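Engineer: Input file: input_29.txt. Contents: compact mmCIF, C-alpha atoms and all ligand atoms.
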# COMPACT_ATOMS: atom_id res chain seq x y z
CA MET A 1226 -392.84 195.90 -50.12
CA ASN A 1227 -394.92 195.97 -53.29
CA ASP A 1228 -391.99 197.64 -55.07
CA ASP A 1229 -389.70 194.78 -54.17
CA PRO A 1230 -389.40 192.70 -57.36
CA ILE A 1231 -390.33 189.07 -57.62
CA LEU A 1232 -387.25 187.29 -58.99
CA ILE A 1233 -387.60 184.72 -61.77
CA ALA A 1234 -384.72 182.35 -62.52
CA GLY A 1235 -384.84 181.37 -66.21
CA GLY A 1236 -386.10 183.30 -69.20
CA GLY A 1237 -387.44 180.43 -71.31
CA ILE A 1238 -391.08 180.24 -72.32
CA GLY A 1239 -392.25 179.65 -68.73
CA GLY A 1240 -390.14 182.37 -67.11
CA ALA A 1241 -390.95 184.96 -69.76
CA ALA A 1242 -394.67 184.15 -69.49
CA ALA A 1243 -394.49 184.48 -65.70
CA ALA A 1244 -392.72 187.86 -65.94
CA LEU A 1245 -395.36 189.14 -68.31
CA ALA A 1246 -398.30 187.77 -66.34
CA LEU A 1247 -397.03 189.26 -63.05
CA ALA A 1248 -396.29 192.64 -64.61
CA ARG A 1249 -399.77 192.70 -66.13
CA LYS A 1250 -401.04 192.36 -62.53
CA GLY A 1251 -398.93 195.33 -61.46
CA ARG A 1252 -396.06 193.42 -59.81
CA PRO A 1253 -392.43 194.35 -60.55
CA VAL A 1254 -390.30 191.40 -61.65
CA ARG A 1255 -386.63 190.79 -62.34
CA LEU A 1256 -385.98 187.98 -64.81
CA LEU A 1257 -382.53 186.37 -64.49
CA GLU A 1258 -381.52 184.42 -67.60
CA GLN A 1259 -378.22 182.55 -67.76
CA SER A 1260 -377.66 183.03 -71.52
CA ARG A 1261 -376.28 186.19 -73.08
CA ALA A 1262 -379.48 186.65 -75.09
CA PHE A 1263 -383.05 185.41 -74.90
CA GLY A 1264 -383.74 182.77 -77.49
CA GLU A 1265 -385.31 179.43 -78.28
CA ILE A 1266 -384.11 176.59 -80.45
CA GLY A 1267 -385.21 176.61 -84.09
CA ALA A 1268 -387.90 173.97 -83.82
CA GLY A 1269 -391.67 173.74 -83.76
CA ILE A 1270 -394.11 173.71 -80.92
CA GLN A 1271 -397.74 172.67 -80.79
CA LEU A 1272 -400.21 174.91 -79.01
CA GLY A 1273 -403.42 173.33 -77.71
CA PRO A 1274 -406.63 175.35 -77.21
CA ASN A 1275 -405.89 175.48 -73.47
CA VAL A 1276 -402.88 177.74 -74.06
CA PHE A 1277 -404.83 180.08 -76.35
CA ARG A 1278 -407.04 180.81 -73.34
CA MET A 1279 -403.81 181.92 -71.61
CA PHE A 1280 -402.68 184.01 -74.59
CA GLU A 1281 -406.00 185.83 -74.37
CA GLN A 1282 -405.32 186.60 -70.69
CA LEU A 1283 -401.85 187.87 -71.59
CA GLY A 1284 -403.05 189.93 -74.57
CA LEU A 1285 -400.82 187.91 -76.88
CA THR A 1286 -403.29 186.19 -79.21
CA GLU A 1287 -402.69 188.51 -82.15
CA ALA A 1288 -398.88 188.31 -81.90
CA ILE A 1289 -399.01 184.50 -81.82
CA GLU A 1290 -401.52 184.21 -84.66
CA GLU A 1291 -399.34 186.36 -86.90
CA THR A 1292 -396.97 183.51 -87.75
CA ALA A 1293 -398.64 180.38 -86.33
CA VAL A 1294 -400.18 177.76 -88.62
CA ARG A 1295 -403.61 176.27 -88.02
CA PRO A 1296 -403.29 172.63 -89.10
CA ASP A 1297 -406.33 170.85 -90.53
CA ALA A 1298 -405.97 167.74 -88.38
CA LEU A 1299 -403.95 165.65 -85.94
CA VAL A 1300 -403.21 162.42 -87.80
CA MET A 1301 -401.62 159.19 -86.65
CA ARG A 1302 -400.24 156.99 -89.42
CA ASP A 1303 -398.81 153.53 -88.97
CA ALA A 1304 -395.13 153.84 -89.86
CA LEU A 1305 -394.97 150.25 -91.18
CA ASP A 1306 -397.84 150.26 -93.70
CA GLY A 1307 -398.33 154.04 -94.01
CA GLU A 1308 -402.10 153.78 -93.35
CA VAL A 1309 -404.02 156.38 -91.37
CA VAL A 1310 -404.77 154.97 -87.89
CA THR A 1311 -406.82 157.94 -86.68
CA ARG A 1312 -407.53 161.49 -87.86
CA VAL A 1313 -408.82 164.24 -85.57
CA PRO A 1314 -410.07 167.29 -87.50
CA LEU A 1315 -409.00 170.61 -85.97
CA ASN A 1316 -410.29 173.25 -88.31
CA ASP A 1317 -413.84 172.15 -88.86
CA ASP A 1318 -416.99 173.28 -87.07
CA GLY A 1319 -416.98 170.25 -84.77
CA PHE A 1320 -413.69 171.15 -83.10
CA ARG A 1321 -414.50 174.83 -82.78
CA ALA A 1322 -417.98 174.05 -81.44
CA ARG A 1323 -416.40 171.85 -78.78
CA PHE A 1324 -413.41 174.03 -77.90
CA PRO A 1325 -413.67 177.81 -77.88
CA TYR A 1326 -410.01 178.27 -78.77
CA PRO A 1327 -408.00 177.00 -81.77
CA TYR A 1328 -405.19 174.47 -82.15
CA ALA A 1329 -402.03 175.84 -83.78
CA VAL A 1330 -398.36 175.09 -84.35
CA THR A 1331 -395.63 177.69 -84.29
CA TYR A 1332 -391.91 178.24 -84.53
CA ARG A 1333 -390.41 178.41 -81.02
CA PRO A 1334 -388.40 181.59 -81.62
CA ASP A 1335 -391.62 183.31 -82.77
CA LEU A 1336 -393.36 182.36 -79.52
CA GLN A 1337 -390.37 183.34 -77.40
CA ASN A 1338 -389.99 186.68 -79.24
CA ALA A 1339 -393.67 187.46 -78.74
CA LEU A 1340 -393.24 186.91 -74.99
CA ILE A 1341 -389.96 188.83 -74.68
CA ASP A 1342 -391.18 191.74 -76.85
CA ALA A 1343 -394.25 192.03 -74.62
CA CYS A 1344 -391.98 191.94 -71.53
CA ARG A 1345 -389.80 194.68 -73.01
CA ALA A 1346 -392.87 196.87 -73.44
CA GLU A 1347 -393.73 196.44 -69.74
CA PRO A 1348 -391.97 198.98 -67.49
CA LEU A 1349 -392.38 196.60 -64.53
CA VAL A 1350 -390.21 193.88 -66.11
CA ASP A 1351 -386.44 194.06 -65.68
CA LEU A 1352 -384.78 191.61 -68.08
CA VAL A 1353 -381.28 190.55 -67.03
CA THR A 1354 -379.10 188.28 -69.19
CA ALA A 1355 -375.81 186.49 -68.40
CA ALA A 1356 -377.16 185.88 -64.89
CA LYS A 1357 -376.90 182.23 -63.92
CA VAL A 1358 -378.65 181.47 -60.64
CA THR A 1359 -376.77 178.96 -58.51
CA GLY A 1360 -379.14 178.87 -55.52
CA TYR A 1361 -380.83 181.16 -53.03
CA GLU A 1362 -380.97 182.20 -49.39
CA THR A 1363 -384.03 183.31 -47.46
CA ASP A 1364 -384.18 185.71 -44.58
CA GLY A 1365 -387.69 186.11 -43.21
CA ASP A 1366 -389.83 187.10 -46.13
CA ARG A 1367 -386.94 188.24 -48.35
CA VAL A 1368 -385.06 186.09 -50.85
CA THR A 1369 -381.57 186.51 -52.26
CA ALA A 1370 -380.65 184.63 -55.41
CA THR A 1371 -376.97 183.82 -55.68
CA LEU A 1372 -375.38 184.14 -59.11
CA GLN A 1373 -372.50 182.26 -60.68
CA ASP A 1374 -370.45 185.42 -61.19
CA GLY A 1375 -370.58 186.08 -57.46
CA GLY A 1376 -373.40 188.60 -57.74
CA ARG A 1377 -376.60 188.52 -55.70
CA ALA A 1378 -380.12 189.67 -56.46
CA GLY A 1379 -382.69 190.40 -53.77
CA GLY A 1380 -386.46 190.28 -54.00
CA ALA A 1381 -389.75 189.53 -52.31
CA GLY A 1382 -389.93 186.03 -53.80
CA LEU A 1383 -388.22 183.70 -56.24
CA ILE A 1384 -389.79 181.64 -59.01
CA GLY A 1385 -387.63 178.81 -60.34
CA ALA A 1386 -388.41 178.66 -64.07
CA ASP A 1387 -384.96 177.34 -64.86
CA GLY A 1388 -385.99 174.18 -66.66
CA LEU A 1389 -385.19 170.49 -66.38
CA TRP A 1390 -381.85 170.97 -64.58
CA SER A 1391 -383.24 173.61 -62.22
CA LYS A 1392 -380.88 175.01 -59.58
CA VAL A 1393 -383.82 176.42 -57.66
CA ARG A 1394 -385.37 172.95 -57.49
CA GLU A 1395 -382.03 171.53 -56.37
CA THR A 1396 -381.98 173.99 -53.46
CA LEU A 1397 -385.70 173.73 -52.67
CA ILE A 1398 -386.25 169.97 -52.99
CA GLY A 1399 -382.88 168.37 -53.73
CA ASP A 1400 -384.40 165.29 -55.34
CA GLY A 1401 -381.51 164.56 -57.66
CA PRO A 1402 -381.32 164.50 -61.44
CA PRO A 1403 -384.38 163.89 -63.64
CA ARG A 1404 -385.34 160.42 -64.88
CA VAL A 1405 -383.70 159.47 -68.17
CA SER A 1406 -386.50 157.93 -70.22
CA GLY A 1407 -384.39 155.94 -72.68
CA HIS A 1408 -386.04 157.88 -75.50
CA ILE A 1409 -383.98 160.09 -77.80
CA ALA A 1410 -385.37 162.89 -80.00
CA TYR A 1411 -383.75 164.23 -83.14
CA ARG A 1412 -385.08 167.53 -84.36
CA ALA A 1413 -384.69 169.52 -87.58
CA VAL A 1414 -386.55 172.00 -89.76
CA LEU A 1415 -386.80 171.79 -93.54
CA PRO A 1416 -387.61 174.61 -96.02
CA ALA A 1417 -391.05 173.86 -97.53
CA GLU A 1418 -389.62 173.67 -101.06
CA GLU A 1419 -387.42 170.75 -99.96
CA MET A 1420 -390.37 168.88 -98.46
CA PRO A 1421 -391.55 166.19 -100.92
CA ALA A 1422 -394.69 167.63 -102.58
CA HIS A 1423 -396.75 164.50 -101.83
CA LEU A 1424 -396.02 164.90 -98.08
CA ARG A 1425 -396.54 168.66 -97.83
CA TRP A 1426 -399.69 168.36 -95.73
CA ASN A 1427 -401.23 171.02 -93.54
CA GLU A 1428 -401.54 168.49 -90.74
CA VAL A 1429 -399.68 167.40 -87.62
CA VAL A 1430 -398.75 163.87 -88.69
CA LEU A 1431 -397.29 161.30 -86.32
CA TRP A 1432 -395.84 158.22 -88.02
CA ALA A 1433 -396.11 155.63 -85.23
CA GLY A 1434 -393.55 152.84 -85.55
CA PRO A 1435 -392.15 150.08 -83.33
CA ARG A 1436 -390.15 151.86 -80.60
CA THR A 1437 -389.97 154.94 -82.84
CA HIS A 1438 -392.06 157.75 -84.19
CA LEU A 1439 -391.65 160.64 -86.58
CA VAL A 1440 -393.66 163.87 -86.39
CA GLN A 1441 -394.06 166.38 -89.23
CA TYR A 1442 -395.94 169.65 -89.44
CA PRO A 1443 -395.65 173.02 -91.21
CA LEU A 1444 -394.49 176.21 -89.49
CA ARG A 1445 -394.38 179.93 -90.23
CA ARG A 1446 -397.28 180.21 -92.66
CA GLY A 1447 -396.11 176.93 -94.23
CA GLU A 1448 -392.64 178.25 -95.16
CA ILE A 1449 -390.80 175.52 -93.22
CA PHE A 1450 -391.57 172.05 -91.89
CA ASN A 1451 -390.77 170.72 -88.45
CA LEU A 1452 -389.44 167.16 -88.18
CA VAL A 1453 -388.98 165.27 -84.91
CA ALA A 1454 -387.74 161.67 -84.93
CA VAL A 1455 -387.87 159.71 -81.67
CA PHE A 1456 -386.46 156.26 -80.90
CA HIS A 1457 -385.60 154.12 -77.89
CA SER A 1458 -381.96 153.84 -76.94
CA ASP A 1459 -379.90 153.23 -73.84
CA ARG A 1460 -377.29 155.58 -75.14
CA TYR A 1461 -377.18 158.48 -72.74
CA GLU A 1462 -375.31 161.69 -73.02
CA GLU A 1463 -375.95 164.19 -70.34
CA GLY A 1464 -376.69 167.54 -71.80
CA TRP A 1465 -378.90 168.96 -74.34
CA ASP A 1466 -378.73 170.14 -77.85
CA VAL A 1467 -375.88 168.18 -79.38
CA PHE A 1468 -375.61 166.93 -82.98
CA GLY A 1469 -377.29 163.62 -83.75
CA ASP A 1470 -375.92 160.70 -85.74
CA ALA A 1471 -378.02 160.23 -88.91
CA ASP A 1472 -376.77 156.63 -89.39
CA GLU A 1473 -378.19 155.62 -86.04
CA LEU A 1474 -381.50 157.15 -87.04
CA PHE A 1475 -381.68 155.05 -90.23
CA GLN A 1476 -380.84 151.92 -88.23
CA ARG A 1477 -383.64 152.60 -85.76
CA PHE A 1478 -386.22 153.32 -88.46
CA SER A 1479 -385.13 150.54 -90.85
CA GLY A 1480 -388.03 148.61 -92.38
CA GLU A 1481 -390.45 151.52 -92.00
CA HIS A 1482 -392.61 152.95 -94.77
CA PRO A 1483 -390.75 154.60 -97.71
CA HIS A 1484 -392.38 157.97 -96.87
CA VAL A 1485 -390.81 157.86 -93.40
CA LEU A 1486 -387.38 157.02 -94.79
CA GLU A 1487 -387.76 159.69 -97.46
CA LEU A 1488 -388.38 162.31 -94.77
CA LEU A 1489 -385.43 161.16 -92.67
CA GLY A 1490 -383.21 161.37 -95.76
CA LYS A 1491 -384.05 165.04 -96.25
CA ILE A 1492 -382.04 166.17 -93.22
CA ASP A 1493 -378.24 166.36 -93.10
CA SER A 1494 -377.88 167.74 -89.64
CA TRP A 1495 -380.08 166.81 -86.69
CA ARG A 1496 -379.98 168.11 -83.13
CA MET A 1497 -380.32 165.45 -80.46
CA TRP A 1498 -382.10 165.49 -77.08
CA VAL A 1499 -382.00 162.86 -74.36
CA LEU A 1500 -385.60 162.96 -73.14
CA CYS A 1501 -386.17 163.06 -69.38
CA ASP A 1502 -389.06 163.56 -66.99
CA ARG A 1503 -389.82 163.15 -63.30
CA GLU A 1504 -392.47 161.59 -61.12
CA PRO A 1505 -395.20 164.10 -60.26
CA ILE A 1506 -394.73 165.68 -56.84
CA LYS A 1507 -396.40 168.56 -55.05
CA GLU A 1508 -393.62 170.11 -52.99
CA TRP A 1509 -393.02 172.93 -55.42
CA SER A 1510 -393.50 175.84 -53.13
CA ARG A 1511 -392.11 176.78 -49.74
CA GLY A 1512 -392.50 180.25 -48.30
CA PRO A 1513 -391.60 182.84 -50.94
CA ILE A 1514 -390.13 180.23 -53.35
CA ALA A 1515 -392.05 178.42 -56.11
CA LEU A 1516 -391.21 176.33 -59.15
CA LEU A 1517 -392.80 176.65 -62.57
CA GLY A 1518 -392.74 174.81 -65.91
CA ASP A 1519 -390.16 172.07 -66.47
CA ALA A 1520 -388.46 172.92 -63.16
CA ALA A 1521 -391.67 171.84 -61.40
CA HIS A 1522 -393.10 169.08 -63.59
CA PRO A 1523 -390.83 168.00 -66.46
CA MET A 1524 -392.68 165.71 -68.84
CA LEU A 1525 -392.11 163.73 -71.99
CA GLN A 1526 -393.34 165.63 -75.04
CA TYR A 1527 -395.89 163.06 -76.18
CA LEU A 1528 -398.90 165.22 -75.34
CA ALA A 1529 -397.14 168.32 -76.73
CA GLN A 1530 -397.97 170.22 -73.55
CA GLY A 1531 -394.77 171.07 -71.62
CA ALA A 1532 -394.67 174.69 -72.74
CA CYS A 1533 -398.47 174.97 -72.63
CA MET A 1534 -398.37 173.85 -68.98
CA ALA A 1535 -395.59 176.34 -68.21
CA ILE A 1536 -397.71 179.18 -69.63
CA GLU A 1537 -400.79 177.98 -67.71
CA ASP A 1538 -398.60 177.94 -64.58
CA ALA A 1539 -397.52 181.52 -65.25
CA VAL A 1540 -401.05 182.87 -65.65
CA CYS A 1541 -402.34 180.91 -62.67
CA LEU A 1542 -399.47 182.06 -60.46
CA ALA A 1543 -400.02 185.72 -61.38
CA HIS A 1544 -403.74 185.39 -60.55
CA GLN A 1545 -402.90 183.99 -57.13
CA VAL A 1546 -400.33 186.70 -56.45
CA ASP A 1547 -402.95 189.27 -57.38
CA ARG A 1548 -405.52 187.65 -55.07
CA HIS A 1549 -403.20 187.34 -52.06
CA GLY A 1550 -401.61 190.80 -52.22
CA GLN A 1551 -398.54 190.99 -49.96
CA ASP A 1552 -398.68 187.37 -48.81
CA LEU A 1553 -396.52 185.71 -51.47
CA ALA A 1554 -396.17 182.49 -49.50
CA ALA A 1555 -399.97 182.07 -49.47
CA ALA A 1556 -400.15 182.98 -53.16
CA PHE A 1557 -397.48 180.43 -54.11
CA ARG A 1558 -399.18 177.73 -52.02
CA ALA A 1559 -402.54 178.42 -53.65
CA TYR A 1560 -400.88 178.34 -57.09
CA ARG A 1561 -399.30 174.98 -56.30
CA ASP A 1562 -402.62 173.61 -55.04
CA LYS A 1563 -404.33 174.65 -58.26
CA ARG A 1564 -401.68 173.14 -60.51
CA TYR A 1565 -400.09 169.95 -59.23
CA LEU A 1566 -402.84 167.45 -60.05
CA ARG A 1567 -403.40 168.78 -63.55
CA THR A 1568 -399.70 168.88 -64.41
CA GLY A 1569 -399.15 165.49 -62.74
CA ARG A 1570 -401.89 164.02 -64.92
CA VAL A 1571 -400.20 165.43 -68.02
CA GLN A 1572 -396.82 163.99 -66.91
CA LEU A 1573 -398.26 160.50 -66.49
CA THR A 1574 -400.52 160.60 -69.55
CA ALA A 1575 -397.55 161.69 -71.69
CA ARG A 1576 -395.68 158.52 -70.70
CA PHE A 1577 -398.72 156.42 -71.62
CA TYR A 1578 -399.05 158.13 -75.02
CA GLY A 1579 -395.39 157.31 -75.67
CA ASP A 1580 -396.20 153.62 -75.17
CA VAL A 1581 -399.15 153.90 -77.56
CA TYR A 1582 -397.10 155.65 -80.25
CA HIS A 1583 -394.23 153.15 -80.00
CA ALA A 1584 -396.31 149.97 -79.87
CA GLU A 1585 -395.03 146.89 -81.69
CA GLY A 1586 -396.34 143.43 -82.55
CA VAL A 1587 -399.75 142.54 -81.19
CA THR A 1588 -399.91 145.76 -79.17
CA ARG A 1589 -399.61 147.72 -82.42
CA GLU A 1590 -402.46 145.73 -83.98
CA LEU A 1591 -404.63 146.29 -80.93
CA ARG A 1592 -403.84 150.01 -80.95
CA ASN A 1593 -404.80 150.34 -84.61
CA ARG A 1594 -408.03 148.43 -84.12
CA ALA A 1595 -408.96 150.40 -81.02
CA LEU A 1596 -408.36 153.78 -82.62
CA ALA A 1597 -409.81 153.12 -86.10
CA PRO A 1598 -413.51 153.38 -85.21
CA ARG A 1599 -413.06 156.46 -83.01
CA THR A 1600 -415.22 159.38 -84.19
CA PRO A 1601 -413.98 162.98 -83.99
CA ALA A 1602 -416.56 163.61 -81.25
CA GLN A 1603 -415.13 160.73 -79.20
CA ALA A 1604 -411.63 162.06 -79.73
CA TYR A 1605 -412.72 165.51 -78.54
CA ASP A 1606 -414.32 163.95 -75.45
CA GLY A 1607 -410.99 162.31 -74.64
CA MET A 1608 -409.15 165.64 -74.93
CA ALA A 1609 -411.65 167.82 -73.11
CA TRP A 1610 -409.97 167.58 -69.69
CA LEU A 1611 -406.80 168.96 -71.22
CA TYR A 1612 -408.02 171.43 -73.81
CA ASN A 1613 -410.85 172.93 -71.77
CA GLY A 1614 -408.42 173.86 -69.01
CA VAL A 1615 -410.22 172.53 -65.96
CA ASP A 1616 -408.45 171.34 -62.85
CA GLU A 1617 -408.86 167.87 -61.38
CA THR A 1618 -411.84 168.94 -59.29
CA GLY A 1619 -413.63 170.26 -62.38
CA GLY A 1620 -412.92 173.89 -61.49
CA GLN A 1621 -411.39 176.38 -63.89
CA ILE A 1622 -407.62 176.53 -63.51
CA LEU A 1623 -407.58 180.28 -62.90
C1 LIG A 1701 -388.70 167.17 -78.64
C2 LIG A 1701 -389.59 168.07 -77.80
C3 LIG A 1701 -390.81 168.51 -78.33
C4 LIG A 1701 -391.65 169.32 -77.55
N1 LIG A 1701 -392.83 169.73 -78.08
C5 LIG A 1701 -393.68 170.49 -77.35
C6 LIG A 1701 -394.93 170.93 -77.90
O1 LIG A 1701 -395.24 170.66 -79.06
N2 LIG A 1701 -395.75 171.68 -77.11
C7 LIG A 1701 -395.41 172.03 -75.82
O2 LIG A 1701 -396.20 172.72 -75.16
N3 LIG A 1701 -394.24 171.62 -75.28
C8 LIG A 1701 -393.37 170.86 -76.00
N4 LIG A 1701 -392.18 170.45 -75.47
C9 LIG A 1701 -391.86 170.80 -74.05
C10 LIG A 1701 -391.33 172.21 -73.93
O3 LIG A 1701 -390.25 172.44 -74.79
C11 LIG A 1701 -390.87 172.47 -72.49
O4 LIG A 1701 -391.78 171.92 -71.58
C12 LIG A 1701 -390.77 173.97 -72.25
O5 LIG A 1701 -389.80 174.54 -73.10
C13 LIG A 1701 -390.43 174.27 -70.78
O6 LIG A 1701 -390.25 175.64 -70.61
P1 LIG A 1701 -389.52 176.20 -69.32
O7 LIG A 1701 -389.50 177.68 -69.51
O8 LIG A 1701 -390.14 175.62 -68.11
O9 LIG A 1701 -388.05 175.61 -69.39
P2 LIG A 1701 -386.91 175.81 -70.46
O10 LIG A 1701 -387.47 175.95 -71.83
O11 LIG A 1701 -385.91 174.74 -70.24
O12 LIG A 1701 -386.27 177.22 -70.09
C14 LIG A 1701 -385.43 177.38 -68.98
C15 LIG A 1701 -384.69 178.69 -69.15
O13 LIG A 1701 -383.93 178.91 -67.97
C16 LIG A 1701 -382.60 179.19 -68.31
N5 LIG A 1701 -381.81 178.68 -67.19
C17 LIG A 1701 -381.52 177.39 -66.88
N6 LIG A 1701 -380.82 177.31 -65.75
C18 LIG A 1701 -380.66 178.59 -65.31
C19 LIG A 1701 -380.05 179.14 -64.17
N7 LIG A 1701 -379.45 178.37 -63.27
N8 LIG A 1701 -380.08 180.49 -64.02
C20 LIG A 1701 -380.69 181.29 -64.94
N9 LIG A 1701 -381.28 180.80 -66.04
C21 LIG A 1701 -381.29 179.46 -66.22
C22 LIG A 1701 -382.35 178.50 -69.62
O14 LIG A 1701 -381.28 179.09 -70.33
C23 LIG A 1701 -383.71 178.70 -70.30
O15 LIG A 1701 -383.77 179.95 -70.95
C24 LIG A 1701 -391.29 169.66 -76.23
C25 LIG A 1701 -390.08 169.23 -75.70
C26 LIG A 1701 -389.22 168.45 -76.48
C27 LIG A 1701 -387.92 167.98 -75.88
Could the structure of this file be written out as structure tokens, please?
Ligand SMILES: Cc1cc2nc3c(=O)[nH]c(=O)nc-3n(C[C@H](O)[C@H](O)[C@H](O)COP(=O)(O)OP(=O)(O)OC[C@H]3O[C@@H](n4cnc5c(N)ncnc54)[C@H](O)[C@@H]3O)c2cc1C
Structural biologist:
Amino acid sequence: MNDDPILIAGGGIGGAAAALALARKGRPVRLLEQSRAFGEIGAGIQLGPNVFRMFEQLGLTEAIEETAVRPDALVMRDALDGEVVTRVPLNDDGFRARFPYPYAVTYRPDLQNALIDACRAEPLVDLVTAAKVTGYETDGDRVTATLQDGGRAGGAGLIGADGLWSKVRETLIGDGPPRVSGHIAYRAVLPAEEMPAHLRWNEVVLWAGPRTHLVQYPLRRGEIFNLVAVFHSDRYEEGWDVFGDADELFQRFSGEHPHVLELLGKIDSWRMWVLCDREPIKEWSRGPIALLGDAAHPMLQYLAQGACMAIEDAVCLAHQVDRHGQDLAAAFRAYRDKRYLRTGRVQLTARFYGDVYHAEGVTRELRNRALAPRTPAQAYDGMAWLYNGVDETGGQIL
């Protein structure tokens, strides 16, 4: 049975990481990706120290570091007056004394390519494209994934890493569509030479405005800048990755600091996302089926941890499969038990951070006063649960 592959639905960051992690433990995997090619959108992604611990496990640190940028600080600025609300140094001795791994930002395609290249070099990984999973059937301890083109793929287990609109989740749990948050994100990247020189900082900067925020940071050795603009809106378009309306963006950010408006004016074409999440649950495994990443615990991006959690899931799951040998059901249950409280905490904390970023009126004043006196050491204390990678009982996540 050990030669029977574990099937993975979805070859995004979570699915690719799971394929690699399982293969590194000697398990054959078949990755079924719906698209014709593996790829990620051309945007940035923040990588907390917790995920660098996972890269070390996967032997990927060098490949990631090749193009990633190490920002000097995480900075929140008030988008109305432009003042710094709080600044958390990332590159100084304090951060590295507290956290053994670095903080970095990278270009999503670079991260995805590093994962897929490593999968391609693994004889135990079978990468299949143009394979959209529509559901699955189980028969004893075997699973058959059904594909949109009428095909079927059999294996010893199935991991649903098929994202927010997961078909595997639909079959396993059937809890309906995700929760539409009422928050919209516009994303774009800008060549560094087009970035205004006075804003070309080596920092992750979040301009916190009333019911809005704008994030900027450099990517790819500083060659491009990532811009993400978020605002509240009831407008809802199902689907993902459509063009945004720049006029609406200016309306939402009107009255904000000239630097914010200057940055918004630099982009002609934005991509738009309707941001969704779900309530945390723990029913993400049954028998030889398990969910991973956004399929299991979709979250708002305000802690910048969705992909980091998916990669933690992948490494944790592979450890449990390794520990439990042939008993995949026990391995998947143990994986779920290790993960659901930590990922649930990130889901809920991300919502809270969104409220903090988008504060207005008196709440904004209180936020700024509360955060101003915070020392870097206090900020690190607040992040330790996340960046040190411990589970909710204080144990290591692996
Ligand atoms: C604006 C924004 C900013 C973000 N910033 C960060 C950040 O800084 N740091 C961070 O860690 N996270 C961030 N995230 C979250 C992160 O992008 C996601 O959590 C992460 O991509 C989830 O990975 P995944 O592999 O679980 O799912 P996905 O990335 O959604 O991948 C799912 C894959 O499955 C495929 N698929 C879907 N359905 C099927 C099917 N039926 N059959 C076969 N294949 C299928 C898809 O084509 C895709 O390749 C951000 C998210 C947003 C929206």
Engineer: Rounded to one decimal place, report the CA of Leu1553 in chain A-CA of Ala1515 in chain A distance in Å.
Structural biologist: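 Distance between the two atoms: 9.7 Å.
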Engineer: Give me the residues near range 1420-1429 of chain A as a PyMOL selection string, where near means some atom within 12 Å (using all atoms listed in the file) and where sequence neighbours in that chain fewer than 6 positions away do not count.
Structural biologist: chain A and resi 1269-1272+1294-1302+1307+1311-1316+1328-1331+1414+1439-1453+1483-1492+1529
Engineer: Taking 5 positions as the minimum chain separation for residues in the same chain, which residues sit within 7 Å of range 1501-1512 of chain A when counting all atoms listed in the file? Answer as a list in words.
Structural biologist: Pro1403, Arg1404, Val1405, Ser1406, Ala1521, His1522, Pro1523, Met1524, Leu1525, Ala1554, Phe1557, Arg1558, Arg1561, Tyr1565, Gly1569 and Gln1572 of chain A
Engineer: Keeping only C-alpha atoms, write those residues as a PDB file, in the frame of the given file.
Structural biologist:
ATOM      1  CA  PRO A1403    -384.380 163.890 -63.640  1.00  0.00           C
ATOM      2  CA  ARG A1404    -385.340 160.420 -64.880  1.00  0.00           C
ATOM      3  CA  VAL A1405    -383.700 159.470 -68.170  1.00  0.00           C
ATOM      4  CA  SER A1406    -386.500 157.930 -70.220  1.00  0.00           C
ATOM      5  CA  ALA A1521    -391.670 171.840 -61.400  1.00  0.00           C
ATOM      6  CA  HIS A1522    -393.100 169.080 -63.590  1.00  0.00           C
ATOM      7  CA  PRO A1523    -390.830 168.000 -66.460  1.00  0.00           C
ATOM      8  CA  MET A1524    -392.680 165.710 -68.840  1.00  0.00           C
ATOM      9  CA  LEU A1525    -392.110 163.730 -71.990  1.00  0.00           C
ATOM     10  CA  ALA A1554    -396.170 182.490 -49.500  1.00  0.00           C
ATOM     11  CA  PHE A1557    -397.480 180.430 -54.110  1.00  0.00           C
ATOM     12  CA  ARG A1558    -399.180 177.730 -52.020  1.00  0.00           C
ATOM     13  CA  ARG A1561    -399.300 174.980 -56.300  1.00  0.00           C
ATOM     14  CA  TYR A1565    -400.090 169.950 -59.230  1.00  0.00           C
ATOM     15  CA  GLY A1569    -399.150 165.490 -62.740  1.00  0.00           C
ATOM     16  CA  GLN A1572    -396.820 163.990 -66.910  1.00  0.00           C
TER      17      GLN A1572
END
Engineer: When you draw a straight line from atom C25 of ligand LIG 1701 (chain A) to CA of Gly1401 in chain A, how long is it in Å?
Structural biologist: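 The value is 20.5 Å.
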Engineer: For a test of reading the model, state the distance in Å between CA of Pro1513 in chain A and atom O12 of ligand LIG 1701 (chain A), rounded to one decimal.
Structural biologist: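 We find that CA of Pro1513 in chain A and atom O12 of ligand LIG 1701 (chain A) lie 20.7 Å from each other.
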Engineer: Any idea what's packed within 9 Å of Ile1266 in chain A, counting only C-alpha atoms, ignoring anything in its chain fewer than 3 positions away? Could you give it as a ChimeraX atom specification?
Structural biologist: /A:1269,1332-1334,1466
Engineer: Counting all atoms listed in the file, I want the residues whose atoms come within 9 Å of (-395.4, 153.1, -79.1) in the file frame, returned as a list in words.
Structural biologist: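 It turns out the residues near that spot are Ala1433, Gly1434, Pro1435, Arg1436, Thr1437, His1438, Phe1577, Tyr1578, Gly1579, Asp1580, Val1581, Tyr1582, His1583, Ala1584, Glu1585, Thr1588 and Arg1589 of chain A.
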Engineer: Around ligand LIG 1701 (chain A), which protein and nucleic acid residues have at least one atom no more than 6 Å from it, if we count only C-alpha atoms and all ligand atoms? List them as an NGL selection string.
Structural biologist: :A and (1234-1240 or 1257-1260 or 1270-1272 or 1356-1359 or 1386-1389 or 1391-1392 or 1410 or 1518-1520 or 1526 or 1529-1533 or 1535)
